[in-house]
Amino acid sequence: MAREKVTIQDIADALGISRNTASKALNGTNGIPDETRNKVIKKAIELKYKQFAFMDTESVQSRNSGNIALLTENLPNTSHFGSKLISGMEKRISAEGYNLSMHIIRDIDQESLSLPNNFDVSNVDGIICIELFNSEYSKLITSLGIPTIFIDCSADVCYPEFQADVLLMENEHSTYQLTKKLIDGGYKSLGFIGDYNHCRSFNERWVGFNRALIESGIQLDLSQCILDDDRLFSSNPEWADTRLSQINELPSAFVCANDYIAVTFMKSLKNVLSIPNDIVICGFDNGPESSIVEPHLTTVHIYSNEMGVKAAEMLLSRINDPKQPYQVSHIYTKLIIRDSTPNIS
């Protein structure tokens with residue numbers, strides 16, 4: 001006899017909550033406490049509700065399918081550090097006999113807390129998440145009970161509660177070092193450009209920037225910073241011009257959360273000022289654009305290929321020993337000083 005389909009009411013009854021609450025928790029509706037949402041998702045997994053209709057956690061962890069899934073919001077391209085990272089990762093994983101499959105997480109998937117249609121949880125040994133910064137969706141992934149590593153993660157992650165390994169490039173100290181060099185070079189008013197709530201890496205860069213100001217006795221001037229929601233930075237070509245025009249007195253130097261942001265604002269700054277004679281600017285990533293733009297951009301180099309290899313090794317270790325303590329690791333970066341920031345070395 002066929003097993004009856006599990007309903008939201010079944011989940012609600014099992015937890016002693018209303019059907020409405022269970023539905024909101026599964027659909028990612030705001031206003032539901034994280035504890036309640038997690039309980040609902042876990043019960044949905046246990047009861048094999050719809051997209052959670054796969055084997056139980058213990059059997060998922062014990063099998064070996066030879067498949068590792070890469071989940072990401074965006075396909076990496078040649079100008080993004082992710083392409084080299086994935087190359088290094090895939091070589092290391094392939095050497096151990098694993099196949100790597102890529103799955104794009106759409107906005108609608110994140111809003112509804114749903115797994116991609118082509119993602120077969122019962123046939124995956126490990127998960128790698130790149131540029132997946134939605135905290136609620138991250139909790140959904142970690143609740144699956146599959147060995148998982150996040151390469152960068154949401155800005156508000158609480159590590160002791162996060163049931164996955166995390167790998168990041170070194171952000172805080174390199175941004176601190178860069179900002180300190182600017183201050184020592186005579187640049188005393190500094191602004192930060194970037195949404196520090198976008199991801200953990202941006203948040204750590206913001207922390208490093210502020211630490212350098214504090215140690216140098218410089219008061220942070222938020223009116224000289226552009227900290228808007230990350231989605232606005234690529235909203236339209238004139239947005240950077242508009243935001244800069246709203247700053248009454250520009251700082252002597254801008255520290256940007258990444259190279260894309262820095263290059264975007266360099267173009268706008270050049271409409272009214274000379275770089276580096278009137279203002280200096282720097283980025284982070286050492287993307288291809290940083291050495292093409294004029295003047296060449298001071299930035300921080302990320303060892304992308306090596307990060308991919310390290311991520312693979314961390315995940316393989318987790319697959320072999322799922323009960324080991326979770327790790328948060330940083331791969332060192334390298335400061336690269338170019339023409340956009342004279343007077344520092």
# chains A, B, ... in the order shown; residues from 1 in each chain; ligands from 1
>>> residues_around(residues="Glu73 of chain A", least_positions_apart="6", cutoff="7 Å", atoms="only C-alpha atoms", output="count of residues only")
5
>>> residues_around(residues="segment 231-242 of chain A", least_positions_apart="3", cutoff="7 Å", atoms="only C-alpha atoms", output="list of chain:residue names")
A:Asp228, A:Ser245, A:Gln246, A:Phe265, A:Ser268
>>> closest_residue(among="A:Asp165, A:Asp195, A:Asp156, A:Glu306", to="Gln324 of chain A", atoms="only C-alpha atoms")
A:Asp165
>>> closest_residue(among="A:Ile45, A:Cys129, A:Val121, A:Leu115", to="Ile146 of chain A", atoms="only C-alpha atoms")
A:Val121
>>> closest_residue(among="A:Ile336, A:Ala253, A:Ile275, A:Val207", to="Ile302 of chain A", atoms="only C-alpha atoms")
A:Ile336
>>> select_by_dssp(residues="segment 163-254 of chain A", states="strand (DSSP E)", output="list in words")
Asp165, Val166, Leu167, Leu168, Met169, Leu190, Gly191, Phe192, Ile193, Ala253 and Phe254 of chain A
>>> atom_distance(atom1="atom CA of Gly88 of chain A", atom2="atom CA of Lys310 of chain A")
8.7 Å
>>> closest_residue(among="A:Leu273, A:Met266, A:Met169, A:Leu316", to="His296 of chain A", atoms="only C-alpha atoms")
A:Met266
>>> residues_around(residues="segment 82-86 of chain A", least_positions_apart="2", cutoff="12 Å", atoms="only C-alpha atoms", output="VMD selection string")
chain A and resid 69 to 80 88 to 94 100 to 102 128 to 131 151 to 152 167 to 169 285 287 302 to 312
>>> atom_distance(atom1="atom CA of Glu294 of chain A", atom2="atom CA of Asn210 of chain A")
27.5 Å
>>> closest_residue(among="A:Ser201, A:Thr341, A:Ser135, A:Thr299", to="Pro276 of chain A", atoms="only C-alpha atoms")
A:Thr341
>>> atom_distance(atom1="atom CA of Ser290 of chain A", atom2="atom CA of Val255 of chain A")
13.9 Å
>>> select_by_dssp(residues="segment 67-268 of chain A", states="helix (DSSP H, G or I)", output="ChimeraX atom specification")
/A:81-95,107-112,121-123,135-142,159-161,172-184,200-215,222-224,230-234,239-245,259-268
>>> closest_residue(among="A:Gln327, A:Asn197, A:Asn258, A:Asn99", to="Asp229 of chain A", atoms="only C-alpha atoms")
A:Asn197
>>> residues_around(residues="segment 9-13 of chain A", least_positions_apart="2", cutoff="8 Å", atoms="only C-alpha atoms", output="ChimeraX atom specification")
/A:6-7,15-19,21-22,40,43-44,47
>>> write_last_selection(atoms="all heavy atoms", output="mmCIF file, in the first residue's frame")
data_model
loop_
_atom_site.group_PDB
_atom_site.id
_atom_site.type_symbol
_atom_site.label_atom_id
_atom_site.label_comp_id
_atom_site.auth_asym_id
_atom_site.auth_seq_id
_atom_site.Cartn_x
_atom_site.Cartn_y
_atom_site.Cartn_z
ATOM 1 N N VAL A 6 2.841 13.280 2.970
ATOM 2 C CA VAL A 6 2.961 14.102 4.171
ATOM 3 C C VAL A 6 2.491 15.518 3.859
ATOM 4 O O VAL A 6 2.830 16.095 2.815
ATOM 5 C CB VAL A 6 4.418 14.129 4.678
ATOM 6 C CG1 VAL A 6 4.555 15.067 5.863
ATOM 7 C CG2 VAL A 6 4.871 12.729 5.049
ATOM 8 N N THR A 7 1.705 16.083 4.750
ATOM 9 C CA THR A 7 1.184 17.436 4.572
ATOM 10 C C THR A 7 1.760 18.372 5.628
ATOM 11 O O THR A 7 2.363 17.941 6.622
ATOM 12 C CB THR A 7 -0.348 17.451 4.690
ATOM 13 O OG1 THR A 7 -0.700 17.130 6.053
ATOM 14 C CG2 THR A 7 -0.982 16.452 3.734
ATOM 15 N N LEU A 15 4.491 18.735 15.915
ATOM 16 C CA LEU A 15 5.194 19.715 16.744
ATOM 17 C C LEU A 15 4.267 20.446 17.720
ATOM 18 O O LEU A 15 4.743 21.205 18.567
ATOM 19 C CB LEU A 15 5.895 20.746 15.843
ATOM 20 C CG LEU A 15 7.051 20.221 14.985
ATOM 21 C CD1 LEU A 15 7.509 21.298 14.003
ATOM 22 C CD2 LEU A 15 8.214 19.781 15.858
ATOM 23 N N GLY A 16 2.961 20.230 17.569
ATOM 24 C CA GLY A 16 2.012 20.906 18.435
ATOM 25 C C GLY A 16 1.886 22.387 18.152
ATOM 26 O O GLY A 16 1.694 23.210 19.062
ATOM 27 N N ILE A 17 2.021 22.754 16.875
ATOM 28 C CA ILE A 17 1.873 24.154 16.479
ATOM 29 C C ILE A 17 0.779 24.251 15.430
ATOM 30 O O ILE A 17 0.275 23.238 14.936
ATOM 31 C CB ILE A 17 3.189 24.726 15.918
ATOM 32 C CG1 ILE A 17 3.624 23.935 14.664
ATOM 33 C CG2 ILE A 17 4.291 24.694 16.979
ATOM 34 C CD1 ILE A 17 4.880 24.477 13.995
ATOM 35 N N SER A 18 0.401 25.466 15.070
ATOM 36 C CA SER A 18 -0.651 25.651 14.078
ATOM 37 C C SER A 18 -0.124 25.377 12.674
ATOM 38 O O SER A 18 1.083 25.505 12.410
ATOM 39 C CB SER A 18 -1.211 27.071 14.146
ATOM 40 O OG SER A 18 -0.249 28.003 13.679
ATOM 41 N N ARG A 19 -1.037 25.015 11.794
ATOM 42 C CA ARG A 19 -0.669 24.790 10.399
ATOM 43 C C ARG A 19 -0.113 26.070 9.784
ATOM 44 O O ARG A 19 0.824 26.041 8.990
ATOM 45 C CB ARG A 19 -1.881 24.321 9.596
ATOM 46 C CG ARG A 19 -1.561 23.997 8.144
ATOM 47 C CD ARG A 19 -2.799 23.746 7.316
ATOM 48 N NE ARG A 19 -2.459 23.372 5.951
ATOM 49 C CZ ARG A 19 -2.045 24.229 5.020
ATOM 50 N NH1 ARG A 19 -1.914 25.523 5.305
ATOM 51 N NH2 ARG A 19 -1.754 23.779 3.786
ATOM 52 N N THR A 21 1.577 28.468 11.261
ATOM 53 C CA THR A 21 2.958 28.688 11.696
ATOM 54 C C THR A 21 3.920 27.782 10.942
ATOM 55 O O THR A 21 4.985 28.213 10.498
ATOM 56 C CB THR A 21 3.089 28.430 13.211
ATOM 57 O OG1 THR A 21 2.261 29.348 13.921
ATOM 58 C CG2 THR A 21 4.528 28.593 13.667
ATOM 59 N N ALA A 22 3.538 26.504 10.794
ATOM 60 C CA ALA A 22 4.386 25.559 10.066
ATOM 61 C C ALA A 22 4.577 26.000 8.616
ATOM 62 O O ALA A 22 5.682 25.924 8.063
ATOM 63 C CB ALA A 22 3.777 24.169 10.116
ATOM 64 N N VAL A 40 10.713 23.144 12.520
ATOM 65 C CA VAL A 40 9.802 22.774 11.442
ATOM 66 C C VAL A 40 10.566 22.111 10.300
ATOM 67 O O VAL A 40 10.142 21.074 9.757
ATOM 68 C CB VAL A 40 9.024 24.012 10.937
ATOM 69 C CG1 VAL A 40 8.244 23.670 9.668
ATOM 70 C CG2 VAL A 40 8.080 24.527 12.018
ATOM 71 N N LYS A 43 11.667 18.635 11.302
ATOM 72 C CA LYS A 43 10.539 17.704 11.298
ATOM 73 C C LYS A 43 10.132 17.366 9.861
ATOM 74 O O LYS A 43 9.758 16.222 9.559
ATOM 75 C CB LYS A 43 9.359 18.300 12.064
ATOM 76 C CG LYS A 43 8.150 17.376 12.208
ATOM 77 C CD LYS A 43 8.517 16.050 12.873
ATOM 78 C CE LYS A 43 8.921 16.234 14.319
ATOM 79 N NZ LYS A 43 9.124 14.930 14.989
ATOM 80 N N ALA A 44 10.228 18.365 8.957
ATOM 81 C CA ALA A 44 9.912 18.119 7.547
ATOM 82 C C ALA A 44 10.875 17.098 6.957
ATOM 83 O O ALA A 44 10.490 16.227 6.164
ATOM 84 C CB ALA A 44 9.976 19.426 6.764
ATOM 85 N N LEU A 47 9.942 13.639 8.445
ATOM 86 C CA LEU A 47 8.714 13.077 7.877
ATOM 87 C C LEU A 47 8.765 12.924 6.364
ATOM 88 O O LEU A 47 7.813 12.461 5.746
ATOM 89 C CB LEU A 47 7.518 13.959 8.270
ATOM 90 C CG LEU A 47 7.215 14.063 9.775
ATOM 91 C CD1 LEU A 47 6.028 14.996 10.009
ATOM 92 C CD2 LEU A 47 6.934 12.682 10.366
#
>>> residues_around(residues="Gly208 of chain A", least_positions_apart="4", cutoff="9 Å", atoms="only C-alpha atoms", output="number ranges by chain")
A: 171-177, 179, 203-204, 212-213
>>> write_last_selection(atoms="N, CA, C and O atoms", output="PDB file, in the first residue's frame")
ATOM      1  N   ASN A 171      40.766  38.604   5.728  1.00  0.00           N
ATOM      2  CA  ASN A 171      40.156  39.896   5.406  1.00  0.00           C
ATOM      3  C   ASN A 171      40.518  41.020   6.376  1.00  0.00           C
ATOM      4  O   ASN A 171      40.950  42.096   5.968  1.00  0.00           O
ATOM      5  N   GLU A 172      40.329  40.746   7.665  1.00  0.00           N
ATOM      6  CA  GLU A 172      40.456  41.816   8.656  1.00  0.00           C
ATOM      7  C   GLU A 172      41.861  42.399   8.733  1.00  0.00           C
ATOM      8  O   GLU A 172      42.049  43.620   8.647  1.00  0.00           O
ATOM      9  N   HIS A 173      42.857  41.544   8.895  1.00  0.00           N
ATOM     10  CA  HIS A 173      44.213  42.038   9.117  1.00  0.00           C
ATOM     11  C   HIS A 173      44.793  42.695   7.864  1.00  0.00           C
ATOM     12  O   HIS A 173      45.534  43.673   7.963  1.00  0.00           O
ATOM     13  N   SER A 174      44.456  42.165   6.689  1.00  0.00           N
ATOM     14  CA  SER A 174      44.962  42.766   5.455  1.00  0.00           C
ATOM     15  C   SER A 174      44.338  44.139   5.218  1.00  0.00           C
ATOM     16  O   SER A 174      45.018  45.075   4.769  1.00  0.00           O
ATOM     17  N   THR A 175      43.047  44.293   5.531  1.00  0.00           N
ATOM     18  CA  THR A 175      42.411  45.600   5.382  1.00  0.00           C
ATOM     19  C   THR A 175      42.926  46.560   6.455  1.00  0.00           C
ATOM     20  O   THR A 175      43.107  47.759   6.194  1.00  0.00           O
ATOM     21  N   TYR A 176      43.154  46.037   7.645  1.00  0.00           N
ATOM     22  CA  TYR A 176      43.768  46.851   8.707  1.00  0.00           C
ATOM     23  C   TYR A 176      45.132  47.357   8.251  1.00  0.00           C
ATOM     24  O   TYR A 176      45.449  48.559   8.386  1.00  0.00           O
ATOM     25  N   GLN A 177      45.952  46.465   7.708  1.00  0.00           N
ATOM     26  CA  GLN A 177      47.293  46.836   7.256  1.00  0.00           C
ATOM     27  C   GLN A 177      47.227  47.893   6.157  1.00  0.00           C
ATOM     28  O   GLN A 177      47.980  48.879   6.177  1.00  0.00           O
ATOM     29  N   THR A 179      44.748  50.031   5.490  1.00  0.00           N
ATOM     30  CA  THR A 179      44.245  51.293   6.040  1.00  0.00           C
ATOM     31  C   THR A 179      45.319  51.991   6.869  1.00  0.00           C
ATOM     32  O   THR A 179      45.475  53.222   6.798  1.00  0.00           O
ATOM     33  N   ASN A 203      32.250  42.084   6.027  1.00  0.00           N
ATOM     34  CA  ASN A 203      32.147  42.475   7.423  1.00  0.00           C
ATOM     35  C   ASN A 203      33.525  42.513   8.079  1.00  0.00           C
ATOM     36  O   ASN A 203      33.854  43.437   8.831  1.00  0.00           O
ATOM     37  N   GLU A 204      34.349  41.514   7.797  1.00  0.00           N
ATOM     38  CA  GLU A 204      35.690  41.483   8.372  1.00  0.00           C
ATOM     39  C   GLU A 204      36.554  42.613   7.834  1.00  0.00           C
ATOM     40  O   GLU A 204      37.401  43.169   8.562  1.00  0.00           O
ATOM     41  N   ALA A 212      41.946  50.054  12.369  1.00  0.00           N
ATOM     42  CA  ALA A 212      43.063  50.936  12.023  1.00  0.00           C
ATOM     43  C   ALA A 212      42.759  52.386  12.408  1.00  0.00           C
ATOM     44  O   ALA A 212      43.644  53.104  12.902  1.00  0.00           O
ATOM     45  N   LEU A 213      41.507  52.812  12.192  1.00  0.00           N
ATOM     46  CA  LEU A 213      41.127  54.186  12.571  1.00  0.00           C
ATOM     47  C   LEU A 213      41.224  54.368  14.080  1.00  0.00           C
ATOM     48  O   LEU A 213      41.778  55.363  14.566  1.00  0.00           O
TER      49      LEU A 213
END
>>> decode(residues="segment 289-303 of chain A", atoms="all heavy atoms", output="mmCIF file, in the first residue's frame")
data_model
loop_
_atom_site.group_PDB
_atom_site.id
_atom_site.type_symbol
_atom_site.label_atom_id
_atom_site.label_comp_id
_atom_site.auth_asym_id
_atom_site.auth_seq_id
_atom_site.Cartn_x
_atom_site.Cartn_y
_atom_site.Cartn_z
ATOM 1 N N GLU A 289 40.543 43.480 -13.511
ATOM 2 C CA GLU A 289 40.289 44.899 -13.741
ATOM 3 C C GLU A 289 41.217 45.803 -12.940
ATOM 4 O O GLU A 289 41.468 46.949 -13.325
ATOM 5 C CB GLU A 289 38.826 45.240 -13.414
ATOM 6 C CG GLU A 289 38.440 45.087 -11.949
ATOM 7 C CD GLU A 289 37.909 43.721 -11.598
ATOM 8 O OE1 GLU A 289 38.317 42.740 -12.246
ATOM 9 O OE2 GLU A 289 37.096 43.623 -10.672
ATOM 10 N N SER A 290 41.762 45.302 -11.834
ATOM 11 C CA SER A 290 42.585 46.151 -10.966
ATOM 12 C C SER A 290 43.893 46.566 -11.622
ATOM 13 O O SER A 290 44.445 47.623 -11.302
ATOM 14 C CB SER A 290 42.869 45.434 -9.645
ATOM 15 O OG SER A 290 43.673 44.292 -9.853
ATOM 16 N N SER A 291 44.409 45.747 -12.539
ATOM 17 C CA SER A 291 45.664 46.088 -13.213
ATOM 18 C C SER A 291 45.438 46.687 -14.594
ATOM 19 O O SER A 291 46.394 47.013 -15.300
ATOM 20 C CB SER A 291 46.546 44.837 -13.341
ATOM 21 O OG SER A 291 45.881 43.808 -14.049
ATOM 22 N N ILE A 292 44.174 46.845 -14.985
ATOM 23 C CA ILE A 292 43.839 47.435 -16.281
ATOM 24 C C ILE A 292 43.382 48.874 -16.129
ATOM 25 O O ILE A 292 43.721 49.756 -16.922
ATOM 26 C CB ILE A 292 42.738 46.605 -16.979
ATOM 27 C CG1 ILE A 292 43.233 45.188 -17.261
ATOM 28 C CG2 ILE A 292 42.284 47.282 -18.261
ATOM 29 C CD1 ILE A 292 42.172 44.260 -17.796
ATOM 30 N N VAL A 293 42.602 49.154 -15.082
ATOM 31 C CA VAL A 293 42.074 50.492 -14.860
ATOM 32 C C VAL A 293 43.221 51.474 -14.653
ATOM 33 O O VAL A 293 44.293 51.115 -14.178
ATOM 34 C CB VAL A 293 41.126 50.485 -13.632
ATOM 35 C CG1 VAL A 293 41.891 50.216 -12.344
ATOM 36 C CG2 VAL A 293 40.340 51.772 -13.532
ATOM 37 N N GLU A 294 42.994 52.733 -15.025
ATOM 38 C CA GLU A 294 43.997 53.784 -14.824
ATOM 39 C C GLU A 294 43.511 54.790 -13.787
ATOM 40 O O GLU A 294 42.409 55.300 -13.898
ATOM 41 C CB GLU A 294 44.280 54.503 -16.143
ATOM 42 C CG GLU A 294 44.995 53.653 -17.183
ATOM 43 C CD GLU A 294 46.424 53.296 -16.786
ATOM 44 O OE1 GLU A 294 46.988 53.989 -15.909
ATOM 45 O OE2 GLU A 294 46.946 52.332 -17.343
ATOM 46 N N PRO A 295 44.335 55.107 -12.774
ATOM 47 C CA PRO A 295 45.613 54.449 -12.476
ATOM 48 C C PRO A 295 45.383 53.028 -11.952
ATOM 49 O O PRO A 295 44.308 52.709 -11.457
ATOM 50 C CB PRO A 295 46.214 55.347 -11.396
ATOM 51 C CG PRO A 295 45.019 55.934 -10.705
ATOM 52 C CD PRO A 295 44.001 56.153 -11.791
ATOM 53 N N HIS A 296 46.424 52.192 -12.051
ATOM 54 C CA HIS A 296 46.299 50.817 -11.571
ATOM 55 C C HIS A 296 45.925 50.817 -10.084
ATOM 56 O O HIS A 296 46.412 51.639 -9.306
ATOM 57 C CB HIS A 296 47.600 50.056 -11.779
ATOM 58 C CG HIS A 296 47.957 49.869 -13.232
ATOM 59 N ND1 HIS A 296 47.055 50.070 -14.260
ATOM 60 C CD2 HIS A 296 49.120 49.487 -13.839
ATOM 61 C CE1 HIS A 296 47.625 49.824 -15.415
ATOM 62 N NE2 HIS A 296 48.885 49.476 -15.199
ATOM 63 N N LEU A 297 45.053 49.879 -9.722
ATOM 64 C CA LEU A 297 44.411 49.897 -8.411
ATOM 65 C C LEU A 297 45.216 49.149 -7.346
ATOM 66 O O LEU A 297 45.585 47.985 -7.528
ATOM 67 C CB LEU A 297 43.015 49.274 -8.531
ATOM 68 C CG LEU A 297 42.154 49.213 -7.279
ATOM 69 C CD1 LEU A 297 41.758 50.613 -6.817
ATOM 70 C CD2 LEU A 297 40.902 48.363 -7.534
ATOM 71 N N THR A 298 45.445 49.818 -6.226
ATOM 72 C CA THR A 298 45.976 49.139 -5.046
ATOM 73 C C THR A 298 44.910 48.185 -4.524
ATOM 74 O O THR A 298 43.737 48.541 -4.425
ATOM 75 C CB THR A 298 46.359 50.152 -3.952
ATOM 76 O OG1 THR A 298 47.509 50.888 -4.395
ATOM 77 C CG2 THR A 298 46.681 49.467 -2.636
ATOM 78 N N THR A 299 45.317 46.965 -4.182
ATOM 79 C CA THR A 299 44.333 45.947 -3.828
ATOM 80 C C THR A 299 44.961 44.894 -2.926
ATOM 81 O O THR A 299 46.096 45.037 -2.485
ATOM 82 C CB THR A 299 43.746 45.310 -5.111
ATOM 83 O OG1 THR A 299 42.705 44.410 -4.779
ATOM 84 C CG2 THR A 299 44.811 44.575 -5.899
ATOM 85 N N VAL A 300 44.216 43.845 -2.654
ATOM 86 C CA VAL A 300 44.693 42.717 -1.849
ATOM 87 C C VAL A 300 44.507 41.447 -2.678
ATOM 88 O O VAL A 300 43.403 41.159 -3.143
ATOM 89 C CB VAL A 300 43.931 42.612 -0.517
ATOM 90 C CG1 VAL A 300 44.385 41.372 0.257
ATOM 91 C CG2 VAL A 300 44.134 43.870 0.325
ATOM 92 N N HIS A 301 45.590 40.713 -2.872
ATOM 93 C CA HIS A 301 45.541 39.501 -3.691
ATOM 94 C C HIS A 301 44.990 38.323 -2.898
ATOM 95 O O HIS A 301 45.373 38.084 -1.749
ATOM 96 C CB HIS A 301 46.939 39.149 -4.194
ATOM 97 C CG HIS A 301 46.989 37.881 -5.004
ATOM 98 N ND1 HIS A 301 46.430 37.792 -6.259
ATOM 99 C CD2 HIS A 301 47.499 36.652 -4.716
ATOM 100 C CE1 HIS A 301 46.604 36.559 -6.729
ATOM 101 N NE2 HIS A 301 47.236 35.847 -5.811
ATOM 102 N N ILE A 302 44.068 37.602 -3.524
ATOM 103 C CA ILE A 302 43.498 36.385 -2.939
ATOM 104 C C ILE A 302 44.080 35.184 -3.678
ATOM 105 O O ILE A 302 44.082 35.139 -4.907
ATOM 106 C CB ILE A 302 41.960 36.370 -3.080
ATOM 107 C CG1 ILE A 302 41.340 37.544 -2.328
ATOM 108 C CG2 ILE A 302 41.388 35.058 -2.573
ATOM 109 C CD1 ILE A 302 39.852 37.692 -2.573
ATOM 110 N N TYR A 303 44.547 34.198 -2.932
ATOM 111 C CA TYR A 303 45.090 32.980 -3.529
ATOM 112 C C TYR A 303 43.935 32.015 -3.805
ATOM 113 O O TYR A 303 43.687 31.068 -3.051
ATOM 114 C CB TYR A 303 46.134 32.366 -2.601
ATOM 115 C CG TYR A 303 47.372 33.223 -2.451
ATOM 116 C CD1 TYR A 303 47.500 34.108 -1.382
ATOM 117 C CD2 TYR A 303 48.389 33.171 -3.401
ATOM 118 C CE1 TYR A 303 48.629 34.906 -1.256
ATOM 119 C CE2 TYR A 303 49.524 33.966 -3.282
ATOM 120 C CZ TYR A 303 49.643 34.834 -2.207
ATOM 121 O OH TYR A 303 50.759 35.630 -2.090
#
